[in-house]
$ cat entry-v6.txt   # compact mmCIF, C-alpha atoms
# COMPACT_ATOMS: atom_id res chain seq x y z
CA MET A 1232 0.00 0.00 0.00
CA SER A 1233 2.84 2.35 0.82
CA GLY A 1234 4.43 1.36 -2.47
CA ASP A 1235 1.30 2.30 -4.36
CA ALA A 1236 1.15 5.60 -2.53
CA ALA A 1237 4.78 6.24 -3.35
CA ALA A 1238 4.12 5.40 -6.99
CA LEU A 1239 1.15 7.76 -7.00
CA ASN A 1240 3.25 10.49 -5.45
CA GLY A 1241 5.96 9.77 -7.97
CA ARG A 1242 3.49 10.09 -10.81
CA GLU A 1243 2.15 13.34 -9.45
CA ALA A 1244 5.67 14.64 -9.06
CA ASP A 1245 6.47 13.60 -12.64
CA THR A 1246 3.40 15.30 -14.01
CA ARG A 1247 4.13 18.43 -12.00
CA ALA A 1248 7.71 18.48 -13.22
CA ALA A 1249 6.67 17.95 -16.82
CA VAL A 1250 4.13 20.78 -16.61
CA GLU A 1251 6.77 23.04 -15.11
CA VAL A 1252 9.21 22.20 -17.88
CA LYS A 1253 6.51 23.01 -20.40
CA ALA A 1254 5.80 26.37 -18.75
CA LEU A 1255 9.48 27.25 -18.44
CA GLN A 1256 10.06 26.43 -22.08
CA ALA A 1257 7.12 28.58 -23.09
CA ALA A 1258 8.49 31.44 -20.98
CA GLY A 1259 11.89 31.09 -22.64
CA GLU A 1260 13.67 30.08 -19.45
CA LEU A 1261 15.47 27.23 -21.10
CA ALA A 1262 18.17 26.69 -18.49
CA GLY A 1263 15.50 26.29 -15.82
CA ALA A 1264 13.54 23.93 -18.04
CA ARG A 1265 16.59 21.76 -18.60
CA GLU A 1266 17.37 21.72 -14.91
CA ARG A 1267 13.85 20.57 -14.09
CA PHE A 1268 13.89 18.01 -16.87
CA ALA A 1269 17.14 16.58 -15.50
CA GLU A 1270 15.14 15.41 -12.49
CA LEU A 1271 12.84 13.45 -14.76
CA VAL A 1272 15.82 11.96 -16.56
CA ALA A 1273 17.36 10.82 -13.29
CA ARG A 1274 14.09 9.33 -12.12
CA HIS A 1275 13.26 7.36 -15.27
CA GLN A 1276 16.64 6.56 -16.71
CA ARG A 1277 17.24 3.15 -15.16
CA ARG A 1278 13.74 1.90 -15.79
CA ALA A 1279 13.88 3.12 -19.38
CA LEU A 1280 17.20 1.41 -19.93
CA ARG A 1281 15.87 -1.90 -18.64
CA ILE A 1282 12.86 -1.76 -20.93
CA ALA A 1283 14.94 -0.75 -23.93
CA PHE A 1284 17.62 -3.34 -23.19
CA HIS A 1285 15.14 -6.21 -22.95
CA TYR A 1286 13.30 -5.01 -26.00
CA VAL A 1287 16.16 -4.33 -28.42
CA ARG A 1288 18.56 -6.83 -26.74
CA ASP A 1289 21.62 -4.68 -27.37
CA SER A 1290 23.16 -2.34 -24.83
CA ALA A 1291 24.42 0.25 -27.32
CA ASP A 1292 21.08 0.39 -29.11
CA ALA A 1293 19.27 0.61 -25.79
CA ASP A 1294 21.55 3.43 -24.67
CA GLU A 1295 20.88 5.43 -27.82
CA ALA A 1296 17.17 4.69 -27.78
CA VAL A 1297 16.85 6.01 -24.24
CA GLN A 1298 18.85 9.14 -25.06
CA ASP A 1299 16.73 9.80 -28.11
CA ALA A 1300 13.54 9.25 -26.12
CA PHE A 1301 14.57 11.81 -23.52
CA VAL A 1302 15.56 14.35 -26.15
CA LYS A 1303 12.32 13.79 -28.02
CA ALA A 1304 10.29 14.08 -24.83
CA TYR A 1305 12.00 17.38 -24.00
CA SER A 1306 11.57 18.85 -27.45
CA HIS A 1307 7.92 17.78 -27.65
CA ILE A 1308 7.00 18.55 -24.07
CA GLY A 1309 4.54 21.09 -25.45
CA THR A 1310 2.32 18.22 -26.57
CA PHE A 1311 2.31 16.59 -23.13
CA ARG A 1312 -1.17 16.32 -21.66
CA GLU A 1313 -1.63 16.52 -17.93
CA ASP A 1314 -4.37 13.90 -17.91
CA LEU A 1315 -1.85 11.26 -18.99
CA PRO A 1316 0.95 10.22 -16.62
CA PHE A 1317 4.37 11.36 -17.79
CA GLU A 1318 5.64 7.83 -17.40
CA VAL A 1319 3.10 6.47 -19.87
CA TRP A 1320 3.75 9.25 -22.35
CA PHE A 1321 7.50 8.85 -22.11
CA THR A 1322 7.43 5.05 -22.29
CA ARG A 1323 5.37 5.24 -25.46
CA ILE A 1324 8.01 7.48 -27.01
CA LEU A 1325 10.67 5.04 -25.89
CA ILE A 1326 8.87 1.97 -27.22
CA ASN A 1327 8.27 3.62 -30.58
CA GLY A 1328 11.96 4.50 -30.76
CA CYS A 1329 12.96 0.95 -29.89
CA LEU A 1330 10.60 -0.39 -32.53
CA ASP A 1331 12.18 1.87 -35.15
CA ARG A 1332 15.60 0.61 -34.14
CA LEU A 1333 14.52 -2.99 -34.40
CA LYS A 1334 13.14 -2.38 -37.87
CA ALA A 1335 16.35 -0.64 -38.92
CA ARG A 1336 18.39 -3.49 -37.50
CA LYS A 1337 16.37 -6.05 -39.42
CA ARG A 1338 17.01 -4.11 -42.61
CA ARG A 1339 20.74 -3.98 -41.84
CA GLU A 1340 20.95 -7.65 -40.94
CA LYS A 1341 19.82 -8.54 -44.43
CA TRP A 1342 23.17 -7.28 -45.64
CA ILE A 1343 25.55 -7.61 -42.71
CA VAL A 1344 26.57 -10.84 -41.00
CA PRO A 1345 26.59 -10.36 -37.20
CA THR A 1346 30.01 -10.80 -35.64
CA THR A 1347 29.32 -13.14 -32.76
CA VAL A 1348 32.42 -15.24 -33.46
CA ASP A 1349 35.34 -14.55 -31.14
CA ALA A 1350 39.06 -14.63 -31.88
CA SER A 1351 39.27 -18.36 -31.32
CA GLY A 1352 36.54 -18.96 -33.88
CA ILE A 1353 33.89 -19.99 -31.34
CA GLU A 1354 30.45 -18.50 -31.72
CA ARG A 1355 29.66 -16.50 -28.63
CA ASN A 1356 26.50 -15.05 -27.27
CA PRO A 1357 26.68 -11.27 -26.72
CA ALA A 1358 25.63 -11.90 -23.12
CA ASP A 1359 29.01 -13.57 -22.56
CA TYR A 1360 30.68 -10.19 -22.68
CA LEU A 1361 28.53 -8.67 -19.98
CA PRO A 1362 30.43 -7.69 -16.86
CA SER A 1363 29.27 -9.33 -13.66
CA ARG A 1364 29.56 -9.08 -9.91
CA GLY A 1365 29.45 -12.24 -7.86
CA PRO A 1366 30.35 -13.15 -4.37
CA SER A 1367 31.92 -16.45 -5.34
CA PRO A 1368 33.23 -17.90 -8.61
CA GLU A 1369 30.76 -20.80 -8.43
CA GLU A 1370 27.76 -18.53 -7.97
CA HIS A 1371 29.16 -16.26 -10.60
CA VAL A 1372 29.36 -19.10 -13.10
CA LEU A 1373 25.88 -20.37 -12.28
CA ARG A 1374 24.37 -16.94 -12.53
CA GLN A 1375 26.14 -16.21 -15.76
CA GLU A 1376 24.87 -19.45 -17.18
CA ARG A 1377 21.33 -18.71 -16.11
CA ARG A 1378 21.48 -15.22 -17.59
CA GLN A 1379 22.82 -16.53 -20.84
CA GLN A 1380 19.93 -18.93 -21.00
CA LEU A 1381 17.49 -16.17 -20.17
CA HIS A 1382 19.02 -13.86 -22.75
CA ALA A 1383 18.82 -16.58 -25.39
CA ALA A 1384 15.27 -17.53 -24.43
CA LEU A 1385 14.10 -13.91 -24.52
CA GLY A 1386 15.62 -13.64 -27.95
CA GLN A 1387 13.39 -16.44 -29.15
CA LEU A 1388 10.21 -14.64 -28.18
CA PRO A 1389 8.37 -12.60 -30.79
CA GLU A 1390 8.95 -8.87 -30.35
CA ARG A 1391 5.51 -8.07 -29.04
CA GLN A 1392 5.53 -10.91 -26.52
CA ARG A 1393 8.97 -9.83 -25.36
CA LEU A 1394 7.84 -6.26 -24.90
CA VAL A 1395 4.69 -7.21 -23.00
CA PHE A 1396 6.63 -9.64 -20.86
CA ALA A 1397 9.34 -7.12 -20.07
CA LEU A 1398 6.88 -4.41 -19.17
CA SER A 1399 4.53 -6.51 -17.12
CA HIS A 1400 6.99 -8.85 -15.48
CA PHE A 1401 10.33 -7.08 -15.29
CA GLU A 1402 8.80 -3.68 -14.64
CA GLY A 1403 5.90 -4.98 -12.57
CA ARG A 1404 3.23 -3.23 -14.65
CA SER A 1405 -0.39 -4.34 -14.56
CA SER A 1406 -2.15 -5.45 -17.74
CA ARG A 1407 -4.00 -2.16 -17.87
CA GLU A 1408 -0.77 -0.18 -17.58
CA VAL A 1409 0.91 -2.29 -20.24
CA SER A 1410 -2.14 -1.74 -22.41
CA GLN A 1411 -1.75 2.02 -21.97
CA LEU A 1412 1.97 1.88 -22.62
CA THR A 1413 1.79 -0.23 -25.75
CA GLY A 1414 -1.58 0.74 -27.12
CA LEU A 1415 -2.62 -2.92 -27.18
CA ASN A 1416 -5.93 -4.22 -25.93
CA GLU A 1417 -5.85 -5.38 -22.30
CA SER A 1418 -6.97 -8.90 -23.17
CA THR A 1419 -4.35 -9.01 -25.93
CA VAL A 1420 -1.75 -8.04 -23.37
CA ARG A 1421 -2.78 -10.95 -21.16
CA VAL A 1422 -2.66 -13.37 -24.06
CA HIS A 1423 0.82 -12.18 -25.06
CA LEU A 1424 1.98 -12.39 -21.47
CA PHE A 1425 0.72 -15.90 -20.97
CA ARG A 1426 2.22 -17.10 -24.26
CA ALA A 1427 5.54 -15.51 -23.38
CA ILE A 1428 5.60 -17.16 -19.95
CA ARG A 1429 4.64 -20.53 -21.37
CA ARG A 1430 7.28 -20.34 -24.05
CA LEU A 1431 9.99 -19.11 -21.70
CA ARG A 1432 9.13 -21.80 -19.23
CA GLY A 1433 9.42 -24.40 -21.92
CA LEU A 1434 12.74 -23.04 -23.11
CA LEU A 1435 14.31 -22.44 -19.72
CA VAL A 1436 13.11 -25.56 -17.98
CA LYS A 1437 14.30 -27.64 -20.92
CA GLY A 1438 17.50 -25.62 -20.84
CA GLY A 1439 18.06 -26.63 -17.20
CA ALA A 1440 17.07 -23.50 -15.31
CA LYS A 1441 16.05 -24.38 -11.81
CA PRO A 1442 13.67 -22.40 -9.67
CA GLY A 1443 15.38 -20.36 -7.02
CA VAL A 1444 14.10 -18.76 -3.87
CA GLY A 1445 10.74 -17.09 -4.26
CA SER A 1446 9.69 -13.84 -2.70
CA ARG A 1447 7.00 -11.25 -3.35
CA ARG A 1448 4.83 -13.04 -5.90
CA VAL A 1449 4.84 -16.28 -3.93
CA SER A 1450 3.34 -14.59 -0.96
CA ARG A 1451 0.82 -12.79 -3.14
CA ALA A 1452 -0.39 -15.86 -5.02
CA ALA A 1453 -0.03 -18.73 -2.60
CA HIS A 1454 -1.13 -17.14 0.64
CA MET B 494 -13.12 -23.13 -11.58
CA ARG B 495 -13.63 -23.37 -15.30
CA LEU B 496 -15.45 -26.33 -16.80
CA ILE B 497 -12.50 -27.22 -19.00
CA ASP B 498 -10.26 -27.51 -15.92
CA THR B 499 -12.80 -29.73 -14.23
CA VAL B 500 -13.12 -32.04 -17.25
CA PHE B 501 -9.58 -32.26 -18.60
CA ARG B 502 -7.41 -31.59 -15.56
CA GLN B 503 -9.28 -33.55 -12.93
CA GLY B 504 -10.34 -30.32 -11.33
CA HIS B 505 -6.85 -28.79 -11.17
CA LEU B 506 -6.08 -25.30 -12.39
CA SER B 507 -4.61 -24.78 -15.80
CA GLU B 508 -1.29 -23.04 -16.23
CA ARG B 509 -3.11 -20.06 -17.66
CA ALA B 510 -5.23 -19.83 -14.53
CA LEU B 511 -2.09 -20.01 -12.39
CA VAL B 512 -0.39 -17.29 -14.42
CA ASP B 513 -3.46 -15.10 -14.15
CA ALA B 514 -3.54 -15.73 -10.41
CA ILE B 515 0.10 -14.75 -10.01
CA VAL B 516 0.17 -11.83 -12.42
CA LEU B 517 -3.18 -10.33 -11.47
CA GLY B 518 -2.79 -11.20 -7.79
CA GLN B 519 -6.26 -12.71 -7.57
CA ARG B 520 -6.00 -15.85 -5.52
CA PRO B 521 -8.52 -18.54 -6.63
CA GLN B 522 -10.31 -20.42 -3.85
CA HIS B 523 -9.17 -23.68 -5.39
CA LEU B 524 -5.64 -23.01 -4.16
CA ASP B 525 -6.88 -23.26 -0.56
CA ARG B 526 -8.31 -26.71 -1.15
CA CYS B 527 -5.77 -28.25 -3.54
CA ASP B 528 -2.22 -28.76 -2.34
CA ILE B 529 -1.02 -29.81 -5.77
CA CYS B 530 -2.18 -26.61 -7.42
CA ALA B 531 -0.87 -24.53 -4.52
CA GLU B 532 2.53 -26.14 -4.94
CA ARG B 533 2.42 -25.53 -8.70
CA ALA B 534 1.54 -21.91 -8.05
CA VAL B 535 4.41 -21.51 -5.61
CA GLY B 536 6.83 -23.12 -8.08
CA LEU B 537 5.66 -20.91 -10.93
CA ALA B 538 5.81 -17.80 -8.78
CA ARG B 539 9.34 -18.63 -7.66
CA TRP B 540 10.45 -19.19 -11.21
CA MET B 541 8.96 -15.91 -12.28
CA ASP B 542 10.58 -14.06 -9.41
CA GLU B 543 13.91 -15.56 -10.29
CA LEU B 544 13.43 -14.57 -13.89
CA GLN B 545 12.65 -11.03 -12.84
CA SER B 546 15.69 -10.70 -10.64
CA ASP B 547 17.91 -12.24 -13.31
CA ALA B 548 16.59 -9.90 -15.95
CA ALA B 549 16.98 -6.86 -13.73
CA GLY B 550 20.49 -7.99 -12.75
CA MET B 551 21.43 -8.53 -16.36
CA ALA B 552 20.36 -5.01 -17.30
CA ASP B 553 21.97 -3.46 -14.23
CA ASP B 554 25.24 -5.23 -14.94
CA VAL B 555 25.33 -3.74 -18.39
CA PHE B 556 24.34 -0.27 -17.26
CA SER B 557 26.64 0.50 -14.40
CA PRO B 558 26.20 3.69 -12.34
CA GLU B 559 29.11 5.27 -14.23
CA ARG B 560 27.43 4.52 -17.51
CA LEU B 561 24.15 5.95 -16.25
CA GLN B 562 25.96 9.11 -15.18
CA ALA B 563 27.66 9.41 -18.55
CA GLN B 564 24.39 8.91 -20.34
CA GLN B 565 22.70 11.52 -18.21
CA GLN B 566 25.43 14.04 -19.06
CA GLN B 567 25.14 13.18 -22.71
CA VAL B 568 21.38 13.75 -22.62
CA MET B 569 21.85 17.12 -20.95
CA ARG B 570 24.46 18.12 -23.53
CA ARG B 571 22.06 17.25 -26.31
CA LEU B 572 19.29 19.23 -24.67
CA GLU B 573 21.60 22.22 -24.36
CA GLN B 574 22.44 22.01 -28.05
CA LEU B 575 18.76 21.77 -28.80
CA ASP B 576 18.04 24.98 -26.91
CA GLN B 577 20.79 26.97 -28.57
CA PRO B 578 19.54 28.69 -31.71
CA ALA B 579 21.39 27.57 -34.80
CA ARG B 580 23.98 30.07 -36.02
CA VAL B 581 23.48 31.26 -39.56
CA ILE B 582 26.67 32.34 -41.31
CA ALA B 583 26.01 35.14 -43.78
CA PHE B 584 27.75 34.71 -47.09
CA PRO B 585 29.71 37.68 -48.52
CA ALA B 586 27.90 39.80 -51.09
CA ALA B 587 30.48 39.01 -53.79
CA SER B 588 29.99 35.28 -53.45
CA ARG B 589 26.27 35.79 -53.49
CA SER B 590 26.35 37.79 -56.70
CA GLU B 591 28.70 35.23 -58.23
CA ALA B 592 26.37 32.51 -57.22
CA ASN B 593 23.49 34.39 -58.78
CA GLY B 594 25.50 34.93 -61.94
CA ALA B 595 26.31 31.25 -62.10
CA THR B 596 22.76 30.15 -61.71
CA GLY B 597 21.26 32.97 -63.86
CA ARG B 598 19.22 35.92 -62.68
CA ARG B 599 15.60 35.20 -62.26
CA VAL B 600 13.27 37.54 -64.16
CA ALA B 601 9.56 37.81 -63.63
CA VAL B 602 7.73 36.05 -66.43
CA SER B 603 5.38 38.99 -67.05
CA TRP B 604 8.31 41.24 -67.91
CA VAL B 605 9.41 38.90 -70.66
CA GLY B 606 6.12 39.46 -72.44
CA VAL B 607 6.30 43.21 -71.99
CA ALA B 608 9.83 43.30 -73.35
CA ALA B 609 8.83 41.22 -76.38
CA ALA B 610 5.85 43.52 -77.14
CA ALA B 611 8.00 46.63 -76.73
CA GLY B 612 10.63 45.17 -79.00
CA LEU B 613 8.00 44.45 -81.64
CA VAL B 614 6.56 47.98 -81.51
CA ILE B 615 10.00 49.60 -81.65
CA GLY B 616 10.95 47.37 -84.54
CA VAL B 617 7.83 48.27 -86.53
CA ILE B 618 8.22 52.00 -85.89
CA SER B 619 11.90 52.10 -86.70
CA GLY B 620 11.24 50.07 -89.82
CA GLN B 621 8.65 52.57 -91.00
CA VAL B 622 10.86 55.55 -90.24
CA SER B 623 13.87 54.13 -91.95
CA ALA B 624 11.74 53.21 -94.97
CA ARG B 625 10.54 56.79 -95.28
CA LEU B 626 13.97 58.28 -94.81
CA THR B 627 15.57 56.07 -97.39
CA GLN B 628 12.74 56.68 -99.92
CA GLN B 629 14.33 58.20 -103.19
CA PRO B 630 12.79 61.14 -105.10
CA PRO B 631 11.43 60.19 -108.57
CA ALA B 632 14.37 59.19 -110.73
CA PRO B 633 15.12 61.57 -113.66
CA SER B 634 14.78 60.29 -117.21
CA VAL B 635 17.64 58.70 -118.99
CA ALA B 636 17.92 61.50 -121.49
CA ALA B 637 18.16 64.16 -118.83
CA ALA B 638 20.71 62.20 -117.00
CA THR B 639 22.73 61.89 -120.11
CA THR B 640 22.50 65.59 -120.67
CA ILE B 641 23.65 66.38 -117.24
CA VAL B 642 26.51 64.04 -117.25
CA THR B 643 27.76 64.96 -120.70
CA PRO B 644 30.82 67.19 -120.41
CA THR B 645 30.27 70.62 -121.78
CA PRO B 646 32.62 72.24 -124.20
CA GLU B 647 34.46 75.46 -123.47
CA PRO B 648 32.08 78.42 -123.15
CA VAL B 649 31.76 80.37 -126.27
CA PHE B 650 30.58 83.92 -126.11
CA ALA B 651 28.75 84.89 -129.20
CA GLU B 652 28.82 88.38 -130.28
CA VAL B 653 25.49 90.14 -129.95
CA THR B 654 24.80 91.82 -133.07
CA PRO B 655 21.74 93.84 -133.96
CA GLY B 656 19.68 92.33 -136.59
CA PRO B 657 17.26 89.58 -136.86
CA VAL B 658 16.90 87.43 -133.72
CA ASP B 659 18.78 84.26 -133.84
CA THR B 660 16.32 81.67 -132.68
CA SER B 661 18.90 78.99 -132.68
CA ILE B 662 19.82 80.06 -129.20
CA LEU B 663 16.42 78.94 -128.10
CA ASP B 664 16.90 75.59 -129.65
CA ASN B 665 20.16 74.90 -128.00
CA PRO B 666 20.77 77.58 -125.48
CA TYR B 667 23.00 75.63 -123.14
CA GLU B 668 25.45 74.57 -125.68
CA THR B 669 25.99 78.03 -126.87
CA LEU B 670 25.80 80.06 -123.69
CA GLU B 671 27.14 79.22 -120.30
CA VAL B 672 28.08 81.38 -117.37
CA PRO B 673 30.62 79.82 -115.03
CA SER B 674 29.15 81.38 -111.90
CA LEU B 675 25.77 79.89 -112.82
CA ALA B 676 27.06 76.51 -113.80
CA ALA B 677 25.93 74.85 -110.59
CA LEU B 678 22.45 76.29 -110.93
CA ASN B 679 22.50 75.28 -114.52
CA TYR B 680 23.06 71.67 -113.61
CA MET B 681 20.27 71.69 -111.12
CA THR B 682 17.52 73.18 -113.23
CA PRO B 683 15.73 71.22 -115.93
CA ARG B 684 16.13 72.16 -119.51
CA VAL B 685 13.39 73.82 -121.47
CA THR B 686 13.55 71.13 -124.03
CA GLN B 687 13.19 68.51 -121.41
CA THR B 688 10.09 70.09 -119.95
CA ALA B 689 8.78 70.50 -123.45
CA LEU B 690 9.36 66.84 -124.13
CA LYS B 691 7.58 65.84 -120.97
CA LYS B 692 4.61 67.87 -121.96
$ encode --input "entry-v6.txt" --output "structure tokens"
Amino acid sequence: MSGDAAALNGREADTRAAVEVKALQAAGELAGARERFAELVARHQRRALRIAFHYVRDSADADEAVQDAFVKAYSHIGTFREDLPFEVWFTRILINGCLDRLKARKRREKWIVPTTVDASGIERNPADYLPSRGPSPEEHVLRQERRQQLHAALGQLPERQRLVFALSHFEGRSSREVSQLTGLNESTVRVHLFRAIRRLRGLLVKGGAKPGVGSRRVSRAAH
Amino acid sequence: MRLIDTVFRQGHLSERALVDAIVLGQRPQHLDRCDICAERAVGLARWMDELQSDAAGMADDVFSPERLQAQQQQVMRRLEQLDQPARVIAFPAASRSEANGATGRRVAVSWVGVAAAAGLVIGVISGQVSARLTQQPPAPSVAAATTIVTPTPEPVFAEVTPGPVDTSILDNPYETLEVPSLAALNYMTPRVTQTALKK
């Protein structure tokens, strides 16, 4: 309940900040507008990067997509409506940007062979190059392995399923929120989510992923 | 409980129903009665939690705090550039005129028509004027021309003697009498004989 209240306060603060940026821009106080917008950037940056990273599955692309989304949001803040949460408005901009990048990548991949082969000639998954922090080498190896499997399994999902899954599961959004963010019907969101979970479960359980220690959702569903 | 679950799953919940229960947070009453389904729900929820933490960890590993900071600075730099009005560099007048000369000066289309009409009018008028100016007076007859051009002999002064009038002078006055001071006038005036012939 306190989390919901905090989220509500956060949304109100976002909307207030966005309206202020809009007013400052209109008044020509651009330095002030940028300063206020920097707060929004700091608040939404990590979340935006997670969404973009899981959607486009490339850190550099995700980085650029998030930057572009912030710049676009700032330059088009005049079109922001107060009745819509800033988060929803911004995430829509981000998702559209990611979608454009995916389309562009598909066009490029028709002509360019991806370089996933390392110096020793072994084909590597891009997730292998991710830096990691682990308390012990064994845990580190296990976690890396699990993440590689997850990365590979996510890559096998259709784009829309991956997006819905990332938003609703990784970001903890409800079906209604995901529907608002993506513009999809709420029932369609649920169908995509279920299909994504079923497919991932099939892929990861077959791939040897074992369930770990449960937490929040266990208590919510089972008790 | 849905009918399909009752018929095909011996009354147990489908995976879809479990997912809905976990994702939507609406706990079905069946979970209180059925240990098997409760265990399945717990297993699924654990797996999903693990997936969530792995996914979040994967993204956070890639985007370290330093990288977030750098990105934030980059965003702010781009916003600053966006706010600065673009500088327009004025080209020197000479280059501009050269450029115009290279591409050709643009003339309003209406003036082309006016110039063509004016040219036509001026051409017609000047043609008429020049035709009138160059128009020759009626050409003299061949005989007169011959008379004029024919070199005259040395003037001979006949002695005027009283007596009967010599009418021969009337017949050929110019051959017999010529005054040097009147020679120019003589050339210009028609001869009596010529006028008589014309008549």
$ interface_residues --input "entry-v6.txt" --of "chain B" --to "chain A" --cutoff "9 Å" --atoms "only C-alpha atoms" --output "number ranges by chain"
B: 508-509, 511-521, 524-525, 531-532, 534-556, 561-562, 564-565, 567-569, 571-573, 575-576
$ write_last_selection --input "entry-v6.txt" --atoms "C-alpha atoms" --output "short mmCIF file (atom, residue, chain, number, x, y, z; two decimals), keeping the file's coordinate frame"
data_model
loop_
_atom_site.label_atom_id
_atom_site.label_comp_id
_atom_site.auth_asym_id
_atom_site.auth_seq_id
_atom_site.Cartn_x
_atom_site.Cartn_y
_atom_site.Cartn_z
CA GLU B 508 -1.29 -23.04 -16.23
CA ARG B 509 -3.11 -20.06 -17.66
CA LEU B 511 -2.09 -20.01 -12.39
CA VAL B 512 -0.39 -17.29 -14.42
CA ASP B 513 -3.46 -15.10 -14.15
CA ALA B 514 -3.54 -15.73 -10.41
CA ILE B 515 0.10 -14.75 -10.01
CA VAL B 516 0.17 -11.83 -12.42
CA LEU B 517 -3.18 -10.33 -11.47
CA GLY B 518 -2.79 -11.20 -7.79
CA GLN B 519 -6.26 -12.71 -7.57
CA ARG B 520 -6.00 -15.85 -5.52
CA PRO B 521 -8.52 -18.54 -6.63
CA LEU B 524 -5.64 -23.01 -4.16
CA ASP B 525 -6.88 -23.26 -0.56
CA ALA B 531 -0.87 -24.53 -4.52
CA GLU B 532 2.53 -26.14 -4.94
CA ALA B 534 1.54 -21.91 -8.05
CA VAL B 535 4.41 -21.51 -5.61
CA GLY B 536 6.83 -23.12 -8.08
CA LEU B 537 5.66 -20.91 -10.93
CA ALA B 538 5.81 -17.80 -8.78
CA ARG B 539 9.34 -18.63 -7.66
CA TRP B 540 10.45 -19.19 -11.21
CA MET B 541 8.96 -15.91 -12.28
CA ASP B 542 10.58 -14.06 -9.41
CA GLU B 543 13.91 -15.56 -10.29
CA LEU B 544 13.43 -14.57 -13.89
CA GLN B 545 12.65 -11.03 -12.84
CA SER B 546 15.69 -10.70 -10.64
CA ASP B 547 17.91 -12.24 -13.31
CA ALA B 548 16.59 -9.90 -15.95
CA ALA B 549 16.98 -6.86 -13.73
CA GLY B 550 20.49 -7.99 -12.75
CA MET B 551 21.43 -8.53 -16.36
CA ALA B 552 20.36 -5.01 -17.30
CA ASP B 553 21.97 -3.46 -14.23
CA ASP B 554 25.24 -5.23 -14.94
CA VAL B 555 25.33 -3.74 -18.39
CA PHE B 556 24.34 -0.27 -17.26
CA LEU B 561 24.15 5.95 -16.25
CA GLN B 562 25.96 9.11 -15.18
CA GLN B 564 24.39 8.91 -20.34
CA GLN B 565 22.70 11.52 -18.21
CA GLN B 567 25.14 13.18 -22.71
CA VAL B 568 21.38 13.75 -22.62
CA MET B 569 21.85 17.12 -20.95
CA ARG B 571 22.06 17.25 -26.31
CA LEU B 572 19.29 19.23 -24.67
CA GLU B 573 21.60 22.22 -24.36
CA LEU B 575 18.76 21.77 -28.80
CA ASP B 576 18.04 24.98 -26.91
#
$ atom_distance --input "entry-v6.txt" --atom1 "atom CA of Glu1270 of chain A" --atom2 "atom CA of Gly1328 of chain A"
21.5 Å
$ closest_atom_pairs --input "entry-v6.txt" --of "segment 1287-1331 of chain A" --to "segment 1242-1247 of chain A" --cutoff "7 Å" --atoms "only C-alpha atoms" --output "JSON lines"
{"residue": "A:Glu1313", "atom": "CA", "partner": "A:Thr1246", "partner_atom": "CA", "distance": 6.5}
{"residue": "A:Pro1316", "atom": "CA", "partner": "A:Thr1246", "partner_atom": "CA", "distance": 6.2}
{"residue": "A:Phe1317", "atom": "CA", "partner": "A:Thr1246", "partner_atom": "CA", "distance": 5.5}
$ write_last_selection --input "entry-v6.txt" --atoms "C-alpha atoms" --output "JSON list (two decimals), in the coordinates of the input"
[["chain", "number", "residue", "atom", "x", "y", "z"],
["A", 1313, "GLU", "CA", -1.63, 16.52, -17.93],
["A", 1316, "PRO", "CA", 0.95, 10.22, -16.62],
["A", 1317, "PHE", "CA", 4.37, 11.36, -17.79]]
$ axis_aligned_box --input "entry-v6.txt" --around "segment 1280-1297 of chain A" --padding-each-side "5 Å" --output "JSON"
{"center_x": 18.6, "center_y": -0.4, "center_z": -23.9, "size_x": 21.6, "size_y": 22.8, "size_z": 20.5}
$ closest_residue --input "entry-v6.txt" --among "A:Ala1249, A:Leu1398, A:Ala1258, A:Ile1326" --to "Asp1314 of chain A" --atoms "all atoms listed in the file"
A:Ala1249
$ atom_distance --input "entry-v6.txt" --atom1 "atom CA of Val1420 of chain A" --atom2 "atom CA of Leu506 of chain B"
20.9 Å
$ atom_distance --input "entry-v6.txt" --atom1 "atom CA of Cys527 of chain B" --atom2 "atom CA of Ala510 of chain B"
13.9 Å
